[in-house]
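**Q** Below is the file my_file38.cif, with mmCIF, C-alpha atoms and all ligand atoms.
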data_data
#
loop_
_atom_site.label_atom_id
_atom_site.label_comp_id
_atom_site.auth_asym_id
_atom_site.auth_seq_id
_atom_site.Cartn_x
_atom_site.Cartn_y
_atom_site.Cartn_z
CA MET Q 167 -69.28 20.67 8.08
CA LEU Q 168 -68.57 23.96 6.44
CA THR Q 169 -70.06 24.45 3.00
CA GLY Q 170 -70.29 27.32 0.60
CA GLY Q 171 -66.92 28.31 -0.70
CA VAL Q 172 -66.41 30.66 -3.63
CA THR Q 173 -64.49 30.14 -6.84
CA VAL Q 174 -64.54 32.83 -9.50
CA ARG Q 175 -62.29 32.91 -12.53
CA GLY Q 176 -61.55 35.52 -15.13
CA VAL Q 177 -64.03 38.08 -13.89
CA THR Q 178 -64.04 40.95 -16.31
CA ARG Q 179 -66.11 44.11 -16.25
CA ARG Q 180 -65.96 46.98 -18.68
CA PHE Q 181 -67.87 50.23 -18.44
CA ALA Q 182 -68.12 52.06 -21.74
CA GLY Q 183 -64.97 50.42 -23.03
CA ARG Q 184 -63.01 51.07 -19.82
CA THR Q 185 -61.83 47.85 -18.16
CA VAL Q 186 -62.38 47.98 -14.40
CA LEU Q 187 -61.98 44.26 -13.69
CA ASP Q 188 -59.48 42.51 -15.90
CA GLY Q 189 -59.75 38.78 -15.32
CA VAL Q 190 -59.99 38.46 -11.55
CA ASP Q 191 -59.45 35.03 -10.00
CA LEU Q 192 -60.64 34.62 -6.43
CA THR Q 193 -61.15 31.63 -4.19
CA ILE Q 194 -62.64 31.69 -0.72
CA ALA Q 195 -62.69 28.47 1.27
CA PRO Q 196 -65.84 27.54 3.16
CA GLY Q 197 -65.83 29.46 6.43
CA GLU Q 198 -62.89 31.60 5.43
CA PHE Q 199 -62.79 35.35 6.11
CA VAL Q 200 -61.18 37.21 3.20
CA ALA Q 201 -60.62 40.94 3.07
CA LEU Q 202 -60.39 42.72 -0.26
CA LEU Q 203 -58.31 45.87 -0.08
CA GLY Q 204 -57.83 48.47 -2.74
CA ALA Q 205 -57.77 52.18 -3.38
CA SER Q 206 -60.98 54.06 -3.92
CA GLY Q 207 -62.18 53.37 -7.45
CA SER Q 208 -60.08 50.22 -7.85
CA GLY Q 209 -63.18 48.10 -8.50
CA LYS Q 210 -63.82 46.50 -5.10
CA SER Q 211 -67.57 47.13 -5.11
CA THR Q 212 -67.78 46.11 -8.75
CA LEU Q 213 -66.16 42.77 -7.89
CA LEU Q 214 -68.39 42.27 -4.86
CA LYS Q 215 -71.53 42.89 -6.93
CA ALA Q 216 -70.28 40.48 -9.57
CA VAL Q 217 -69.67 37.78 -6.94
CA ALA Q 218 -73.13 38.50 -5.54
CA GLY Q 219 -74.65 37.91 -8.96
CA LEU Q 220 -76.05 41.42 -9.03
CA ASP Q 221 -74.16 42.58 -12.10
CA LYS Q 222 -75.34 40.99 -15.31
CA GLY Q 223 -72.63 42.88 -17.19
CA ALA Q 224 -69.81 41.00 -15.46
CA GLU Q 225 -68.22 38.19 -17.45
CA GLY Q 226 -66.42 35.19 -16.06
CA HIS Q 227 -66.92 31.88 -14.33
CA PHE Q 228 -68.78 32.04 -11.04
CA ASP Q 229 -69.18 29.26 -8.53
CA VAL Q 230 -70.89 30.96 -5.60
CA PRO Q 231 -73.28 29.58 -2.97
CA GLN Q 232 -76.96 30.26 -3.43
CA ARG Q 233 -77.41 31.37 0.14
CA ARG Q 234 -75.57 34.66 0.26
CA ALA Q 235 -76.30 37.98 1.86
CA ILE Q 236 -74.86 41.45 1.43
CA VAL Q 237 -74.37 44.36 3.75
CA PHE Q 238 -73.55 47.68 2.12
CA GLN Q 239 -71.99 50.80 3.57
CA GLU Q 240 -75.45 52.34 3.73
CA HIS Q 241 -77.93 50.20 5.62
CA ARG Q 242 -80.56 50.35 2.86
CA LEU Q 243 -83.45 49.77 5.26
CA LEU Q 244 -86.87 50.65 3.90
CA PRO Q 245 -88.12 53.63 5.92
CA TRP Q 246 -91.78 52.68 5.57
CA SER Q 247 -91.33 49.21 7.09
CA ARG Q 248 -90.64 48.48 10.73
CA VAL Q 249 -87.33 46.94 11.71
CA GLY Q 250 -88.68 43.39 11.97
CA ARG Q 251 -90.26 43.56 8.53
CA ASN Q 252 -87.07 44.95 7.08
CA VAL Q 253 -85.13 41.99 8.47
CA THR Q 254 -87.34 39.38 6.80
CA LEU Q 255 -88.15 41.27 3.62
CA GLY Q 256 -88.13 38.81 0.74
CA VAL Q 257 -87.85 35.81 3.06
CA THR Q 258 -90.59 33.24 2.68
CA GLY Q 259 -91.86 30.77 5.25
CA LYS Q 260 -93.57 30.74 8.57
CA ARG Q 261 -92.93 32.48 11.85
CA LEU Q 262 -91.16 35.38 10.18
CA ARG Q 263 -91.59 37.63 13.20
CA GLU Q 264 -89.93 35.05 15.46
CA ARG Q 265 -87.14 34.66 12.96
CA ALA Q 266 -86.68 38.41 12.79
CA ILE Q 267 -86.54 38.63 16.58
CA ALA Q 268 -84.01 35.79 16.75
CA ALA Q 269 -81.79 37.49 14.17
CA LEU Q 270 -82.15 40.85 15.93
CA ALA Q 271 -81.22 39.18 19.23
CA GLU Q 272 -77.92 38.17 17.65
CA VAL Q 273 -77.07 41.81 17.13
CA GLY Q 274 -78.55 42.91 20.46
CA LEU Q 275 -81.60 44.67 19.02
CA GLU Q 276 -84.51 42.31 19.65
CA ASP Q 277 -86.31 45.07 21.55
CA ARG Q 278 -86.39 47.19 18.38
CA VAL Q 279 -88.40 44.77 16.25
CA ASP Q 280 -91.34 47.19 16.04
CA ALA Q 281 -89.28 50.36 15.76
CA TRP Q 282 -89.12 52.48 12.62
CA PRO Q 283 -85.72 52.64 10.92
CA SER Q 284 -85.65 56.43 11.30
CA THR Q 285 -85.42 56.04 15.08
CA LEU Q 286 -82.18 54.05 14.90
CA SER Q 287 -78.64 55.38 15.12
CA GLY Q 288 -76.16 54.68 12.32
CA GLY Q 289 -74.57 51.83 14.24
CA GLU Q 290 -77.94 50.30 15.09
CA SER Q 291 -79.04 50.53 11.46
CA GLN Q 292 -75.94 48.61 10.37
CA ARG Q 293 -76.65 45.99 13.03
CA VAL Q 294 -80.17 45.61 11.64
CA ALA Q 295 -78.62 45.23 8.19
CA LEU Q 296 -76.46 42.46 9.67
CA ALA Q 297 -79.56 40.82 11.18
CA ARG Q 298 -81.22 41.02 7.76
CA ALA Q 299 -78.23 39.15 6.37
CA LEU Q 300 -78.15 36.59 9.20
CA VAL Q 301 -81.81 35.68 8.92
CA ARG Q 302 -80.97 34.21 5.50
CA GLN Q 303 -78.42 31.88 7.12
CA PRO Q 304 -75.83 32.82 4.52
CA GLU Q 305 -73.08 30.48 3.46
CA LEU Q 306 -71.43 33.55 1.98
CA LEU Q 307 -71.56 36.96 3.60
CA LEU Q 308 -70.57 39.88 1.38
CA LEU Q 309 -69.68 43.07 3.23
CA ASP Q 310 -69.03 46.26 1.26
CA GLU Q 311 -67.32 48.72 3.61
CA PRO Q 312 -70.04 48.09 6.18
CA PHE Q 313 -68.35 50.18 8.88
CA GLY Q 314 -67.19 53.02 6.66
CA ALA Q 315 -69.80 55.52 7.78
CA LEU Q 316 -69.53 54.81 11.52
CA ASP Q 317 -67.60 56.79 14.12
CA ALA Q 318 -64.49 55.12 15.50
CA LEU Q 319 -65.96 53.59 18.66
CA THR Q 320 -69.14 52.41 16.94
CA ARG Q 321 -66.98 50.95 14.18
CA LEU Q 322 -64.90 49.00 16.70
CA LYS Q 323 -68.07 47.59 18.27
CA ALA Q 324 -69.45 46.65 14.87
CA GLN Q 325 -66.16 44.95 13.95
CA ALA Q 326 -66.26 42.99 17.20
CA LEU Q 327 -69.85 42.01 16.45
CA VAL Q 328 -68.99 40.78 12.96
CA ALA Q 329 -66.07 38.83 14.42
CA ARG Q 330 -68.36 37.13 16.92
CA LEU Q 331 -71.07 36.37 14.35
CA TRP Q 332 -68.50 34.93 11.99
CA GLN Q 333 -67.06 32.69 14.70
CA GLU Q 334 -70.52 31.48 15.69
CA HIS Q 335 -71.93 30.86 12.21
CA ARG Q 336 -68.81 30.47 10.10
CA PRO Q 337 -70.02 31.72 6.73
CA ALA Q 338 -67.41 32.45 4.11
CA VAL Q 339 -66.90 36.22 4.22
CA LEU Q 340 -65.73 38.66 1.58
CA LEU Q 341 -65.13 41.98 3.28
CA VAL Q 342 -64.43 44.91 1.00
CA THR Q 343 -62.59 47.66 2.78
CA HIS Q 344 -59.98 50.32 2.16
CA ASP Q 345 -59.03 50.10 5.83
CA VAL Q 346 -55.85 48.05 6.18
CA GLU Q 347 -56.23 47.96 9.97
CA GLU Q 348 -59.66 46.43 9.62
CA ALA Q 349 -58.34 43.75 7.30
CA LEU Q 350 -55.51 42.99 9.73
CA LEU Q 351 -57.96 42.79 12.59
CA LEU Q 352 -60.55 40.50 11.06
CA ALA Q 353 -59.40 38.54 8.05
CA ASP Q 354 -57.70 35.18 7.52
CA ARG Q 355 -56.43 36.48 4.23
CA ALA Q 356 -56.12 39.94 2.74
CA LEU Q 357 -55.97 40.53 -1.00
CA LEU Q 358 -55.10 43.72 -2.83
CA LEU Q 359 -57.10 44.70 -5.89
CA GLU Q 360 -55.09 46.88 -8.26
CA HIS Q 361 -55.30 47.59 -11.98
CA GLY Q 362 -58.30 45.32 -12.28
CA ARG Q 363 -56.61 42.28 -10.79
CA ILE Q 364 -55.78 40.70 -7.48
CA ALA Q 365 -52.31 42.16 -7.49
CA ARG Q 366 -51.04 40.84 -4.18
CA ASP Q 367 -51.87 38.50 -1.38
CA LEU Q 368 -51.01 40.47 1.73
CA THR Q 369 -51.63 37.54 4.04
CA ILE Q 370 -47.98 37.00 4.75
CA ASP Q 371 -47.89 40.54 6.08
CA LEU Q 372 -50.65 39.82 8.58
CA PRO Q 373 -49.50 39.41 12.14
CA ARG Q 374 -50.14 35.94 13.57
CA PRO Q 375 -52.06 35.13 15.56
CA ARG Q 376 -54.67 37.45 14.20
CA ARG Q 377 -55.66 40.31 16.46
CA LEU Q 378 -59.19 38.99 16.23
CA ASP Q 379 -58.01 36.05 18.34
CA SER Q 380 -55.98 38.16 20.74
CA PRO Q 381 -57.07 38.17 24.40
CA ARG Q 382 -57.73 41.89 24.31
CA PHE Q 383 -60.09 41.67 21.36
CA ALA Q 384 -61.80 38.65 22.90
CA ALA Q 385 -62.36 40.67 26.07
CA LEU Q 386 -63.77 43.51 24.01
CA ARG Q 387 -66.13 41.12 22.24
CA ARG Q 388 -67.46 39.87 25.54
CA GLU Q 389 -67.96 43.38 26.85
CA LEU Q 390 -69.80 44.84 23.88
P1 LIG C 401 -64.34 50.87 -5.31
O1 LIG C 401 -65.47 50.14 -4.69
O2 LIG C 401 -63.05 50.12 -5.26
O3 LIG C 401 -64.16 52.25 -4.76
P2 LIG C 401 -65.98 50.71 -7.70
O4 LIG C 401 -66.06 49.26 -7.93
O5 LIG C 401 -67.16 51.36 -7.09
O6 LIG C 401 -64.65 51.05 -6.86
O7 LIG C 401 -65.69 51.44 -9.07
C1 LIG C 401 -64.57 51.10 -9.89
C2 LIG C 401 -64.61 51.95 -11.14
O8 LIG C 401 -65.70 51.54 -11.95
C3 LIG C 401 -64.78 53.42 -10.87
O9 LIG C 401 -64.00 54.14 -11.76
C4 LIG C 401 -66.24 53.66 -11.14
O10 LIG C 401 -66.46 54.95 -11.59
C5 LIG C 401 -66.54 52.63 -12.22
N1 LIG C 401 -67.95 52.21 -12.18
C6 LIG C 401 -68.52 51.47 -11.21
N2 LIG C 401 -69.81 51.22 -11.49
C7 LIG C 401 -70.06 51.83 -12.67
C8 LIG C 401 -71.21 51.94 -13.51
N3 LIG C 401 -72.37 51.37 -13.16
N4 LIG C 401 -71.10 52.63 -14.65
C9 LIG C 401 -69.92 53.19 -15.02
N5 LIG C 401 -68.79 53.12 -14.28
C10 LIG C 401 -68.85 52.47 -13.12
MG MG C 402 -66.79 50.69 -3.20
#
Before anything else, please render the file you have as structure tokens.
**A**
Amino acid sequence: MLTGGVTVRGVTRRFAGRTVLDGVDLTIAPGEFVALLGASGSGKSTLLKAVAGLDKGAEGHFDVPQRRAIVFQEHRLLPWSRVGRNVTLGVTGKRLRERAIAALAEVGLEDRVDAWPSTLSGGESQRVALARALVRQPELLLLDEPFGALDALTRLKAQALVARLWQEHRPAVLLVTHDVEEALLLADRALLLEHGRIARDLTIDLPRPRRLDSPRFAALRREL
């Protein structure tokens, strides 16, 4: 059974009197993949941080699963810890190295468990950041423009990887992006944030079936 949906109501955030989020309502069903589109500066990251519980200045009603994980545009790996340690940082329990290796295997990087972050490419670093999210077995995965800094081919591979991981684990996903193509490729539903609100549901504009499910993208996923 899928658990871990999101319901937030009336999310409001002001910075020095300027209202960036103006009563946002957002629901994500368990296992649903939602893309949040919006122009630069429209408040996408602010909303994501509020949903993540990282912004104590955000007002509103939040019903969000405890087990959630975030991937940012920058990988935010600690340079002084090896890859495996980065993946399980803050995780408690036994057999952390095995758990790190298992999570790294899901992104094809199990052989880099003892590598230093500085030896990784940009794409590999983002995959480690994904492994760091996966090891927490998130019910909600929050992705803030995770592919924004990658070159086009690496981005396509990373998108295919996220698609596969989502299909295998089925967390609810909130993907912040300003890339309409990316939203069309990956999401069940695409919402547009404008003037501090969810201004439009673009889902009806999405081609069906989703390109994520298309034979060509499936072939790409197998190949990568
Ligand atoms: P997006 O992710 O859509 O590009 P952000 O959520 O990062 O936009 O920012 C929305 C607006 O809120 C911007 O005008 C930004 O300058 C402002 N903002 C975000 N965080 C802060 C902060 N900590 N202090 C002041 N203003 C902020
Ligand atoms: Mg942002």
**Q** Go through Q:Arg321, Q:Arg330, Q:His344, Q:Arg366 and flag the residue nearest ligand LIG 401 (chain C), using only C-alpha atoms and all ligand atoms for the distances.
**A** Q:His344
**Q** Interatomic distance between CA of Val237 in chain Q and CA of Arg184 in chain Q?
**A**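 Taking CA of Val237 in chain Q and CA of Arg184 in chain Q, their separation equals 27.0 Å.
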**Q** Work out how far apart CA of Arg251 in chain Q and CA of Leu296 in chain Q are and give it in Å to one decimal.
**A**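 Between CA of Arg251 in chain Q and CA of Leu296 in chain Q the gap is 13.9 Å.
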**Q** Please give me, as an MDAnalysis selection string, the residues lying within 12 Å of ligand MG 402 (chain C) when counting all atoms listed in the file.
**A** chainID Q and resid 202:215 238:240 309:312 314 341:345 359
**Q** Figure out the distance between CA of Leu351 in chain Q and CA of Asp188 in chain Q, please, to one decimal in Å.
**A**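 Result for CA of Asp188 in chain Q versus CA of Leu351 in chain Q: 28.5 Å, one decimal.
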**Q** Show me, as a ChimeraX atom specification, the residues that have an atom within 10 Å of Arg234 in chain Q when counting only C-alpha atoms, minus same-chain residues fewer than 2 positions from it.
**A** /Q:170,217-219,230-232,236,299-300,302-308,337-339
**Q** Where's the centre, and what are the edge lengths in Å to one decimal, of a box along x, y and z enclosing all listed atoms of ligand LIG 401 (chain C) padded 8 Å per side, as lines of an AutoDock Vina configuration file?
**A**
center_x = -67.7
center_y = 52.1
center_z = -9.9
size_x = 25.3
size_y = 21.7
size_z = 26.3
**Q** Which one is closest to ligand LIG 401 (chain C): Q:His241, Q:Arg265, Q:His361, Q:Arg336? Count all atoms listed in the file.
**A**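 Using all atoms listed in the file, the shortest distance to ligand LIG 401 (chain C) belongs to Q:His361.
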**Q** Which residue out of Q:Gly288, Q:Gly226, Q:Gly189, Q:Gly259 has the minimum interatomic distance to Ala365 in chain Q when only C-alpha atoms are used?
**A**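 Once distances to Ala365 in chain Q are computed over only C-alpha atoms, the minimum belongs to Q:Gly189.
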**Q** Which is closer to Ala271 in chain Q than all the others in Q:Ala235, Q:Ala297, Q:Leu220, Q:Val174, using only C-alpha atoms?
**A**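 Looking only at the distances to Ala271 in chain Q, the closest residue turns out to be Q:Ala297.
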**Q** So, with all atoms listed in the file as the atoms that count, which of Q:Thr185, Q:Thr320, Q:Thr178, Q:Thr369 lies closest to ligand LIG 401 (chain C)?
**A**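 Once distances to ligand LIG 401 (chain C) are computed over all atoms listed in the file, the minimum belongs to Q:Thr185.
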**Q** Excluding same-chain residues fewer than 5 positions from Gly171 in chain Q, what lies within 6 Å of it counting all atoms listed in the file, as a list in words?
**A** Ile194, Ala195 and Pro196 of chain Q
**Q** Generate a file of the selected residues that holds C-alpha atoms, formatted as a CSV table (one decimal), in the coordinates of the input.
**A**
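Contents of again.csv, freshly written:
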chain,number,residue,atom,x,y,z
Q,194,ILE,CA,-62.6,31.7,-0.7
Q,195,ALA,CA,-62.7,28.5,1.3
Q,196,PRO,CA,-65.8,27.5,3.2
**Q** Name the closest residue to ligand LIG 401 (chain C) among the candidates Q:Asp317, Q:Glu272, Q:Glu360, Q:Asp367; distances are taken between atoms, counting all atoms listed in the file.
**A**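 Comparing Q:Asp317, Q:Glu272, Q:Glu360, Q:Asp367 against ligand LIG 401 (chain C), the winner is Q:Glu360.
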**Q** Taking (-71.1, 42.6, 13.1) in the coordinates of the supplied file, I want to know which residues reach to within 9 Å of it, counting only C-alpha atoms; could you give the answer as a short mmCIF file (atom, residue, chain, number, x, y, z; two decimals) with C-alpha atoms, in the coordinates of the input?
**A**
data_model
loop_
_atom_site.label_atom_id
_atom_site.label_comp_id
_atom_site.auth_asym_id
_atom_site.auth_seq_id
_atom_site.Cartn_x
_atom_site.Cartn_y
_atom_site.Cartn_z
CA VAL Q 273 -77.07 41.81 17.13
CA GLN Q 292 -75.94 48.61 10.37
CA ARG Q 293 -76.65 45.99 13.03
CA LEU Q 296 -76.46 42.46 9.67
CA ALA Q 297 -79.56 40.82 11.18
CA PRO Q 312 -70.04 48.09 6.18
CA LYS Q 323 -68.07 47.59 18.27
CA ALA Q 324 -69.45 46.65 14.87
CA GLN Q 325 -66.16 44.95 13.95
CA ALA Q 326 -66.26 42.99 17.20
CA LEU Q 327 -69.85 42.01 16.45
CA VAL Q 328 -68.99 40.78 12.96
CA ALA Q 329 -66.07 38.83 14.42
CA ARG Q 330 -68.36 37.13 16.92
CA LEU Q 331 -71.07 36.37 14.35
CA TRP Q 332 -68.50 34.93 11.99
#
